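Report on the following structure.
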Amino acid sequence: FVLGVGVGIHEGEYQRAGVDFHRRGRLMDEGVAKMRQAWEADGTSDYVMEPTSPPVPLWFGGASDAARRRAAATGDGWIPLFLTPDDYATSLGMLRRETEASGRDPDAVTAGVVVFACVGDDDAAIRGAAWLSDMYRLPPKAFARHLAAGSPDACAERLHLYAEAGARHIVIMVAGSPAIEHFGQLRAAFAPEERILAGSPA
């Protein structure tokens, strides 16, 4: 079991929950500290773990500098999205240096990434961007640089760029329906030695 956490970017979600959007980073840090304290089972936590639980791996989402630094300082994994392969390689290098600067093994944080994918014909990029635009309420052009689209082999080639950049876990967010069909074609084209997790909000 891996617990994925992230502060999010939508202020309206915080308003509806009655939480100060501008304190989200501090609240995240406080919450993570409380969880880790509870897992230590030394009697100092406000929460009682019965039965006691070993620490759960915490993977931090987010491509921002703050999210990356948080993963470097306290995370077990880092899994951003909205990064091109080149940007991912650069950010991963920064993560390794920041992890070491925090007094940890530079490889202590597992490198993951979320990639949008739409398998199909020549219009796959247009269809995938439109699908994501509808879900995120952002213009389709916002996804142009972040979408693996086209034939299964073309999408798989794009995923390999992330693997070559250092990603050890690639989570596929299928930008289309039915998701299982897109993923099946992509999985067949991708090297079996790399681990892919299928993900779709649909």
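Chains: A, B, ... in order of the structure tokens. Residues: from 1 per chain. Ligands: from 1, in order shown.
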- Non-local contacts of range 29-36 of chain A (8 Å; only C-alpha atoms; under 3 positions in same chain excluded) as a ChimeraX atom specification: /A:25-26,39-40,45,55
Got time to write the residues from that selection, all heavy atoms, as a tab-separated table (two decimals), in the first residue's frame?
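And here's part_38.tsv as it stands now:
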```tsv
chain	number	residue	atom	x	y	z
A	25	GLY	N	0.37	24.12	2.36
A	25	GLY	CA	1.69	23.49	2.50
A	25	GLY	C	2.01	23.20	3.94
A	25	GLY	O	2.47	22.10	4.29
A	26	ARG	N	1.77	24.17	4.81
A	26	ARG	CA	2.05	23.99	6.24
A	26	ARG	C	1.15	22.90	6.82
A	26	ARG	O	1.58	22.07	7.62
A	26	ARG	CB	1.84	25.30	6.98
A	26	ARG	CG	2.11	25.21	8.48
A	26	ARG	CD	2.00	26.56	9.15
A	26	ARG	NE	3.00	27.49	8.63
A	26	ARG	CZ	3.12	28.75	9.03
A	26	ARG	NH1	2.29	29.23	9.94
A	26	ARG	NH2	4.05	29.53	8.53
A	39	TRP	N	2.73	6.30	13.55
A	39	TRP	CA	3.33	5.03	13.12
A	39	TRP	C	4.50	4.61	14.00
A	39	TRP	O	4.88	3.44	14.01
A	39	TRP	CB	3.79	5.12	11.67
A	39	TRP	CG	2.64	5.22	10.70
A	39	TRP	CD1	1.42	4.64	10.83
A	39	TRP	CD2	2.62	5.94	9.47
A	39	TRP	NE1	0.63	4.95	9.75
A	39	TRP	CE2	1.33	5.75	8.90
A	39	TRP	CE3	3.55	6.73	8.78
A	39	TRP	CZ2	0.96	6.31	7.68
A	39	TRP	CZ3	3.18	7.28	7.58
A	39	TRP	CH2	1.90	7.08	7.03
A	40	GLU	N	5.08	5.56	14.72
A	40	GLU	CA	6.20	5.21	15.59
A	40	GLU	C	5.76	4.39	16.80
A	40	GLU	O	6.57	3.70	17.42
A	40	GLU	CB	6.92	6.48	16.05
A	40	GLU	CG	7.68	7.18	14.93
A	40	GLU	CD	8.28	8.50	15.37
A	40	GLU	OE1	8.10	8.87	16.56
A	40	GLU	OE2	8.90	9.19	14.53
A	45	SER	N	1.84	9.93	20.35
A	45	SER	CA	0.91	10.43	19.35
A	45	SER	C	-0.47	10.68	19.96
A	45	SER	O	-0.88	10.05	20.93
A	45	SER	CB	0.78	9.42	18.20
A	45	SER	OG	-0.23	9.82	17.30
A	55	PRO	N	5.19	1.98	9.16
A	55	PRO	CA	5.05	3.20	8.35
A	55	PRO	C	4.55	2.89	6.94
A	55	PRO	O	4.97	1.92	6.32
A	55	PRO	CB	6.47	3.76	8.33
A	55	PRO	CG	7.12	3.22	9.56
A	55	PRO	CD	6.54	1.84	9.74
```
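Residues within 9 Å of Leu132 in chain A, counting only C-alpha atoms and excluding same-chain residues fewer than 6 positions away, are Phe116, Leu138, Pro139, Pro140, Phe143, Ala175 and Gly176 of chain A.
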Using only C-alpha atoms, tabulate the residues of range 155-175 of chain A lying at most 12 Å from any atom of range 59-78 of chain A, each with its closest atom pair and that distance in Å to one decimal, by chain and increasing residue number, as JSON lines.
```
{"residue": "A:Gly166", "atom": "CA", "partner": "A:Trp78", "partner_atom": "CA", "distance": 11.7}
{"residue": "A:Ala167", "atom": "CA", "partner": "A:Trp78", "partner_atom": "CA", "distance": 9.7}
{"residue": "A:Arg168", "atom": "CA", "partner": "A:Gly77", "partner_atom": "CA", "distance": 10.2}
{"residue": "A:His169", "atom": "CA", "partner": "A:Gly77", "partner_atom": "CA", "distance": 9.7}
{"residue": "A:Ile170", "atom": "CA", "partner": "A:Trp78", "partner_atom": "CA", "distance": 11.2}
{"residue": "A:Val171", "atom": "CA", "partner": "A:Gly61", "partner_atom": "CA", "distance": 11.8}
```
All alpha helix (DSSP H) positions in range 15-106 of chain A, as a short mmCIF file (atom, residue, chain, number, x, y, z; two decimals) with all heavy atoms, in the first residue's frame:
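Written output follows (out_1.cif):
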```cif
data_model
loop_
_atom_site.label_atom_id
_atom_site.label_comp_id
_atom_site.auth_asym_id
_atom_site.auth_seq_id
_atom_site.Cartn_x
_atom_site.Cartn_y
_atom_site.Cartn_z
N GLN A 15 -11.93 26.32 -0.26
CA GLN A 15 -13.02 27.18 0.22
C GLN A 15 -14.23 26.34 0.61
O GLN A 15 -14.86 26.58 1.64
CB GLN A 15 -13.39 28.20 -0.86
CG GLN A 15 -12.32 29.26 -1.09
CD GLN A 15 -12.66 30.17 -2.26
OE1 GLN A 15 -13.52 29.86 -3.08
NE2 GLN A 15 -11.96 31.30 -2.34
N ARG A 16 -14.57 25.36 -0.22
CA ARG A 16 -15.72 24.51 0.07
C ARG A 16 -15.50 23.67 1.33
O ARG A 16 -16.45 23.31 2.02
CB ARG A 16 -16.04 23.61 -1.13
CG ARG A 16 -16.69 24.37 -2.28
CD ARG A 16 -17.22 23.45 -3.34
NE ARG A 16 -16.15 22.79 -4.10
CZ ARG A 16 -15.57 23.31 -5.17
NH1 ARG A 16 -15.93 24.52 -5.59
NH2 ARG A 16 -14.64 22.66 -5.80
N ALA A 17 -14.23 23.34 1.62
CA ALA A 17 -13.92 22.56 2.81
C ALA A 17 -13.71 23.43 4.04
O ALA A 17 -13.52 22.92 5.15
CB ALA A 17 -12.67 21.71 2.57
N ARG A 24 -1.99 25.56 2.90
CA ARG A 24 -2.07 24.16 2.54
C ARG A 24 -0.73 23.43 2.67
O ARG A 24 -0.69 22.27 3.07
CB ARG A 24 -2.62 24.00 1.12
CG ARG A 24 -1.76 24.57 0.00
CD ARG A 24 -2.58 24.67 -1.28
NE ARG A 24 -1.79 25.02 -2.44
CZ ARG A 24 -1.36 26.22 -2.73
NH1 ARG A 24 -1.65 27.23 -1.91
NH2 ARG A 24 -0.65 26.45 -3.82
N GLY A 25 0.37 24.12 2.36
CA GLY A 25 1.69 23.49 2.50
C GLY A 25 2.01 23.20 3.94
O GLY A 25 2.47 22.10 4.29
N ARG A 26 1.77 24.17 4.81
CA ARG A 26 2.05 23.99 6.24
C ARG A 26 1.15 22.90 6.82
O ARG A 26 1.58 22.07 7.62
CB ARG A 26 1.84 25.30 6.98
CG ARG A 26 2.11 25.21 8.48
CD ARG A 26 2.00 26.56 9.15
NE ARG A 26 3.00 27.49 8.63
CZ ARG A 26 3.12 28.75 9.03
NH1 ARG A 26 2.29 29.23 9.94
NH2 ARG A 26 4.05 29.53 8.53
N LEU A 27 -0.13 22.89 6.41
CA LEU A 27 -1.05 21.88 6.90
C LEU A 27 -0.62 20.48 6.45
O LEU A 27 -0.75 19.51 7.20
CB LEU A 27 -2.47 22.18 6.41
CG LEU A 27 -3.13 23.42 7.00
CD1 LEU A 27 -4.44 23.73 6.28
CD2 LEU A 27 -3.37 23.23 8.50
N MET A 28 -0.11 20.39 5.22
CA MET A 28 0.40 19.11 4.74
C MET A 28 1.56 18.64 5.61
O MET A 28 1.62 17.47 6.03
CB MET A 28 0.85 19.23 3.28
CG MET A 28 1.63 18.03 2.76
SD MET A 28 0.64 16.55 2.60
CE MET A 28 -0.28 16.96 1.12
N ASP A 29 2.50 19.52 5.87
CA ASP A 29 3.66 19.16 6.69
C ASP A 29 3.23 18.71 8.08
O ASP A 29 3.75 17.72 8.62
CB ASP A 29 4.62 20.34 6.80
CG ASP A 29 5.28 20.68 5.47
OD1 ASP A 29 5.32 19.80 4.59
OD2 ASP A 29 5.75 21.82 5.32
N GLU A 30 2.27 19.42 8.66
CA GLU A 30 1.80 19.06 9.99
C GLU A 30 1.10 17.70 9.97
O GLU A 30 1.29 16.87 10.87
CB GLU A 30 0.83 20.13 10.52
CG GLU A 30 1.50 21.47 10.82
CD GLU A 30 0.49 22.55 11.16
OE1 GLU A 30 -0.74 22.27 11.12
OE2 GLU A 30 0.92 23.68 11.47
N GLY A 31 0.30 17.45 8.95
CA GLY A 31 -0.40 16.17 8.84
C GLY A 31 0.54 15.00 8.65
O GLY A 31 0.37 13.95 9.27
N VAL A 32 1.56 15.19 7.81
CA VAL A 32 2.54 14.13 7.60
C VAL A 32 3.30 13.84 8.89
O VAL A 32 3.54 12.68 9.24
CB VAL A 32 3.51 14.52 6.46
CG1 VAL A 32 4.73 13.59 6.44
CG2 VAL A 32 2.79 14.49 5.12
N ALA A 33 3.67 14.88 9.60
CA ALA A 33 4.38 14.69 10.87
C ALA A 33 3.53 13.91 11.86
O ALA A 33 4.03 13.03 12.57
CB ALA A 33 4.78 16.05 11.45
N LYS A 34 2.22 14.21 11.92
CA LYS A 34 1.32 13.50 12.82
C LYS A 34 1.20 12.03 12.44
O LYS A 34 1.18 11.14 13.31
CB LYS A 34 -0.06 14.15 12.79
CG LYS A 34 -0.14 15.50 13.50
CD LYS A 34 -0.08 15.34 15.01
CE LYS A 34 -0.35 16.66 15.70
NZ LYS A 34 -0.26 16.54 17.18
N MET A 35 1.12 11.75 11.14
CA MET A 35 1.03 10.36 10.69
C MET A 35 2.29 9.59 11.06
O MET A 35 2.23 8.48 11.58
CB MET A 35 0.79 10.30 9.18
CG MET A 35 -0.62 10.61 8.78
SD MET A 35 -0.97 10.22 7.04
CE MET A 35 0.04 11.43 6.20
N ARG A 36 3.43 10.19 10.78
CA ARG A 36 4.68 9.50 11.09
C ARG A 36 4.83 9.28 12.60
O ARG A 36 5.34 8.24 13.04
CB ARG A 36 5.86 10.28 10.52
CG ARG A 36 5.88 10.32 9.00
CD ARG A 36 7.28 10.58 8.48
NE ARG A 36 7.33 10.65 7.03
CZ ARG A 36 7.33 9.60 6.21
NH1 ARG A 36 7.25 8.38 6.70
NH2 ARG A 36 7.41 9.77 4.90
N GLN A 37 4.37 10.23 13.38
CA GLN A 37 4.41 10.08 14.83
C GLN A 37 3.51 8.92 15.28
O GLN A 37 3.89 8.13 16.15
CB GLN A 37 3.98 11.37 15.51
CG GLN A 37 4.16 11.37 17.03
CD GLN A 37 3.74 12.69 17.65
OE1 GLN A 37 2.96 13.44 17.08
NE2 GLN A 37 4.25 12.98 18.83
N ALA A 38 2.34 8.81 14.66
CA ALA A 38 1.42 7.73 15.01
C ALA A 38 2.02 6.37 14.66
O ALA A 38 1.85 5.39 15.39
CB ALA A 38 0.09 7.92 14.29
N TRP A 39 2.73 6.30 13.55
CA TRP A 39 3.33 5.03 13.12
C TRP A 39 4.50 4.61 14.00
O TRP A 39 4.88 3.44 14.01
CB TRP A 39 3.79 5.12 11.67
CG TRP A 39 2.64 5.22 10.70
CD1 TRP A 39 1.42 4.64 10.83
CD2 TRP A 39 2.62 5.94 9.47
NE1 TRP A 39 0.63 4.95 9.75
CE2 TRP A 39 1.33 5.75 8.90
CE3 TRP A 39 3.55 6.73 8.78
CZ2 TRP A 39 0.96 6.31 7.68
CZ3 TRP A 39 3.18 7.28 7.58
CH2 TRP A 39 1.90 7.08 7.03
N GLU A 40 5.08 5.56 14.72
CA GLU A 40 6.20 5.21 15.59
C GLU A 40 5.76 4.39 16.80
O GLU A 40 6.57 3.70 17.42
CB GLU A 40 6.92 6.48 16.05
CG GLU A 40 7.68 7.18 14.93
CD GLU A 40 8.28 8.50 15.37
OE1 GLU A 40 8.10 8.87 16.56
OE2 GLU A 40 8.90 9.19 14.53
N ASP A 65 8.30 23.46 -7.13
CA ASP A 65 9.52 23.38 -6.32
C ASP A 65 9.20 22.96 -4.90
O ASP A 65 9.93 22.16 -4.30
CB ASP A 65 10.23 24.74 -6.31
CG ASP A 65 10.81 25.13 -7.66
OD1 ASP A 65 10.94 24.24 -8.54
OD2 ASP A 65 11.12 26.31 -7.85
N ALA A 66 8.11 23.49 -4.35
CA ALA A 66 7.74 23.17 -2.97
C ALA A 66 7.40 21.69 -2.83
O ALA A 66 7.80 21.04 -1.85
CB ALA A 66 6.56 24.02 -2.52
N ALA A 67 6.66 21.14 -3.79
CA ALA A 67 6.29 19.72 -3.74
C ALA A 67 7.53 18.84 -3.84
O ALA A 67 7.66 17.84 -3.13
CB ALA A 67 5.31 19.40 -4.86
N ARG A 68 8.43 19.21 -4.72
CA ARG A 68 9.66 18.42 -4.89
C ARG A 68 10.51 18.48 -3.63
O ARG A 68 11.05 17.45 -3.17
CB ARG A 68 10.44 18.96 -6.09
CG ARG A 68 11.61 18.06 -6.50
CD ARG A 68 12.50 18.75 -7.52
NE ARG A 68 13.11 19.96 -6.97
CZ ARG A 68 12.84 21.19 -7.42
NH1 ARG A 68 12.00 21.38 -8.41
NH2 ARG A 68 13.44 22.24 -6.86
N ARG A 69 10.64 19.65 -3.03
CA ARG A 69 11.44 19.78 -1.81
C ARG A 69 10.81 19.01 -0.66
O ARG A 69 11.51 18.43 0.18
CB ARG A 69 11.62 21.26 -1.45
CG ARG A 69 12.57 22.01 -2.38
CD ARG A 69 12.96 23.35 -1.79
NE ARG A 69 11.82 24.26 -1.71
CZ ARG A 69 11.54 25.16 -2.65
NH1 ARG A 69 12.29 25.26 -3.73
NH2 ARG A 69 10.50 25.96 -2.51
N ARG A 70 9.47 19.01 -0.61
CA ARG A 70 8.78 18.25 0.44
C ARG A 70 9.06 16.76 0.28
O ARG A 70 9.30 16.05 1.26
CB ARG A 70 7.28 18.55 0.37
CG ARG A 70 6.48 17.94 1.51
CD ARG A 70 5.05 18.46 1.52
NE ARG A 70 4.99 19.84 1.99
CZ ARG A 70 4.64 20.86 1.24
NH1 ARG A 70 4.33 20.70 -0.03
NH2 ARG A 70 4.61 22.08 1.75
N ALA A 71 9.02 16.28 -0.94
CA ALA A 71 9.34 14.87 -1.19
C ALA A 71 10.78 14.57 -0.80
O ALA A 71 11.07 13.52 -0.22
CB ALA A 71 9.12 14.54 -2.67
N ALA A 72 11.68 15.48 -1.11
CA ALA A 72 13.09 15.27 -0.77
C ALA A 72 13.31 15.20 0.73
O ALA A 72 14.12 14.42 1.22
CB ALA A 72 13.95 16.40 -1.38
N ALA A 73 12.57 16.02 1.47
CA ALA A 73 12.78 16.10 2.91
C ALA A 73 12.13 14.96 3.68
O ALA A 73 12.72 14.44 4.64
CB ALA A 73 12.24 17.44 3.43
N THR A 74 10.93 14.54 3.25
CA THR A 74 10.20 13.57 4.07
C THR A 74 9.53 12.45 3.29
O THR A 74 8.93 11.56 3.89
CB THR A 74 9.09 14.28 4.89
OG1 THR A 74 8.12 14.85 4.00
CG2 THR A 74 9.67 15.37 5.76
N PRO A 85 9.50 15.05 -20.66
CA PRO A 85 10.64 14.20 -20.27
C PRO A 85 11.89 15.00 -19.91
O PRO A 85 12.58 14.68 -18.93
CB PRO A 85 10.86 13.33 -21.51
CG PRO A 85 9.50 13.22 -22.13
CD PRO A 85 8.88 14.58 -21.92
N ASP A 86 12.20 16.05 -20.68
CA ASP A 86 13.39 16.86 -20.38
C ASP A 86 13.23 17.59 -19.05
O ASP A 86 14.17 17.64 -18.24
CB ASP A 86 13.64 17.87 -21.50
CG ASP A 86 14.18 17.22 -22.76
OD1 ASP A 86 14.65 16.07 -22.69
OD2 ASP A 86 14.11 17.87 -23.83
N ASP A 87 12.06 18.17 -18.82
CA ASP A 87 11.82 18.86 -17.56
C ASP A 87 11.87 17.88 -16.39
O ASP A 87 12.34 18.22 -15.31
CB ASP A 87 10.47 19.57 -17.58
CG ASP A 87 10.44 20.75 -18.53
OD1 ASP A 87 11.53 21.26 -18.88
OD2 ASP A 87 9.34 21.17 -18.94
N TYR A 88 11.36 16.68 -16.62
CA TYR A 88 11.37 15.67 -15.57
C TYR A 88 12.81 15.30 -15.20
O TYR A 88 13.14 15.20 -14.02
CB TYR A 88 10.61 14.42 -16.03
CG TYR A 88 10.57 13.33 -14.98
CD1 TYR A 88 9.69 13.41 -13.91
CD2 TYR A 88 11.43 12.25 -15.05
CE1 TYR A 88 9.66 12.43 -12.93
CE2 TYR A 88 11.40 11.26 -14.08
CZ TYR A 88 10.52 11.35 -13.03
OH TYR A 88 10.51 10.37 -12.06
N ALA A 89 13.65 15.11 -16.20
CA ALA A 89 15.05 14.77 -15.93
C ALA A 89 15.73 15.86 -15.11
O ALA A 89 16.47 15.57 -14.16
CB ALA A 89 15.80 14.54 -17.24
N THR A 90 15.48 17.11 -15.47
CA THR A 90 16.07 18.23 -14.73
C THR A 90 15.56 18.26 -13.29
O THR A 90 16.34 18.40 -12.34
CB THR A 90 15.74 19.57 -15.42
OG1 THR A 90 16.28 19.56 -16.74
CG2 THR A 90 16.32 20.74 -14.64
N SER A 91 14.26 18.13 -13.11
CA SER A 91 13.66 18.17 -11.78
C SER A 91 14.11 16.98 -10.93
O SER A 91 14.32 17.11 -9.72
CB SER A 91 12.14 18.19 -11.88
OG SER A 91 11.68 19.39 -12.46
N LEU A 92 14.27 15.82 -11.56
CA LEU A 92 14.71 14.65 -10.81
C LEU A 92 16.14 14.84 -10.31
O LEU A 92 16.47 14.45 -9.19
CB LEU A 92 14.61 13.39 -11.69
CG LEU A 92 14.96 12.08 -11.01
CD1 LEU A 92 14.10 11.84 -9.77
CD2 LEU A 92 14.80 10.92 -12.00
N GLY A 93 16.98 15.47 -11.12
CA GLY A 93 18.32 15.78 -10.67
C GLY A 93 18.31 16.71 -9.47
O GLY A 93 19.09 16.53 -8.51
N MET A 94 17.42 17.69 -9.50
CA MET A 94 17.28 18.60 -8.36
C MET A 94 16.77 17.86 -7.13
O MET A 94 17.22 18.09 -6.01
CB MET A 94 16.34 19.75 -8.73
CG MET A 94 16.86 20.62 -9.86
SD MET A 94 15.66 21.83 -10.46
CE MET A 94 15.57 22.93 -9.07
N LEU A 95 15.82 16.94 -7.34
CA LEU A 95 15.30 16.15 -6.22
C LEU A 95 16.42 15.37 -5.55
O LEU A 95 16.51 15.33 -4.31
CB LEU A 95 14.22 15.19 -6.73
CG LEU A 95 13.72 14.18 -5.69
CD1 LEU A 95 12.76 14.84 -4.72
CD2 LEU A 95 13.05 12.99 -6.38
N ARG A 96 17.28 14.75 -6.33
CA ARG A 96 18.37 13.95 -5.76
C ARG A 96 19.31 14.84 -4.93
O ARG A 96 19.73 14.45 -3.83
CB ARG A 96 19.16 13.26 -6.88
CG ARG A 96 18.37 12.25 -7.70
CD ARG A 96 17.74 11.19 -6.86
NE ARG A 96 17.09 10.14 -7.64
CZ ARG A 96 16.06 9.45 -7.24
NH1 ARG A 96 15.51 9.71 -6.05
NH2 ARG A 96 15.53 8.51 -7.99
N ARG A 97 19.62 16.01 -5.44
CA ARG A 97 20.50 16.92 -4.69
C ARG A 97 19.82 17.42 -3.42
O ARG A 97 20.47 17.52 -2.36
CB ARG A 97 20.91 18.09 -5.58
CG ARG A 97 21.84 17.68 -6.74
CD ARG A 97 22.41 18.89 -7.45
NE ARG A 97 21.39 19.64 -8.17
CZ ARG A 97 21.00 19.37 -9.41
NH1 ARG A 97 21.51 18.33 -10.07
NH2 ARG A 97 20.09 20.12 -10.01
N GLU A 98 18.52 17.72 -3.51
CA GLU A 98 17.80 18.21 -2.33
C GLU A 98 17.63 17.11 -1.29
O GLU A 98 17.67 17.38 -0.08
CB GLU A 98 16.44 18.76 -2.77
CG GLU A 98 16.56 20.05 -3.55
CD GLU A 98 15.32 20.39 -4.37
OE1 GLU A 98 14.44 19.50 -4.52
OE2 GLU A 98 15.23 21.53 -4.87
N THR A 99 17.47 15.88 -1.73
CA THR A 99 17.35 14.76 -0.80
C THR A 99 18.66 14.58 -0.04
O THR A 99 18.66 14.40 1.18
CB THR A 99 17.00 13.47 -1.56
OG1 THR A 99 15.79 13.66 -2.30
CG2 THR A 99 16.79 12.31 -0.60
N GLU A 100 19.76 14.66 -0.76
CA GLU A 100 21.06 14.54 -0.11
C GLU A 100 21.30 15.70 0.85
O GLU A 100 21.84 15.51 1.95
CB GLU A 100 22.17 14.49 -1.16
CG GLU A 100 23.54 14.19 -0.59
CD GLU A 100 24.57 13.97 -1.68
OE1 GLU A 100 24.36 14.44 -2.82
OE2 GLU A 100 25.59 13.31 -1.40
N ALA A 101 20.88 16.91 0.47
CA ALA A 101 21.05 18.08 1.33
C ALA A 101 20.21 17.97 2.60
O ALA A 101 20.53 18.60 3.62
CB ALA A 101 20.66 19.35 0.57
#
```
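Here CA of Leu3 in chain A is placed at a distance of 14.9 Å from CA of Val113 in chain A.
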- Which residue, A:Gly12, A:Pro80, A:Gly103, A:Gly120, has the smallest gap to Ser151 in chain A when you use only C-alpha atoms? A:Gly120
- As a check of understanding: the span from CA of Gly6 in chain A to CA of Met135 in chain A is 18.7 Å
- Message: Could you pull out the strand (DSSP E or B) residues of chain A, going by DSSP on the backbone, and write them as a ChimeraX atom specification?
- Response: /A:3-5,58-61,77-79,110-119,147-150,169-174,196-199
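Take CA of Ile126 in chain A and CA of Phe82 in chain A: the distance between them is 17.2 Å.
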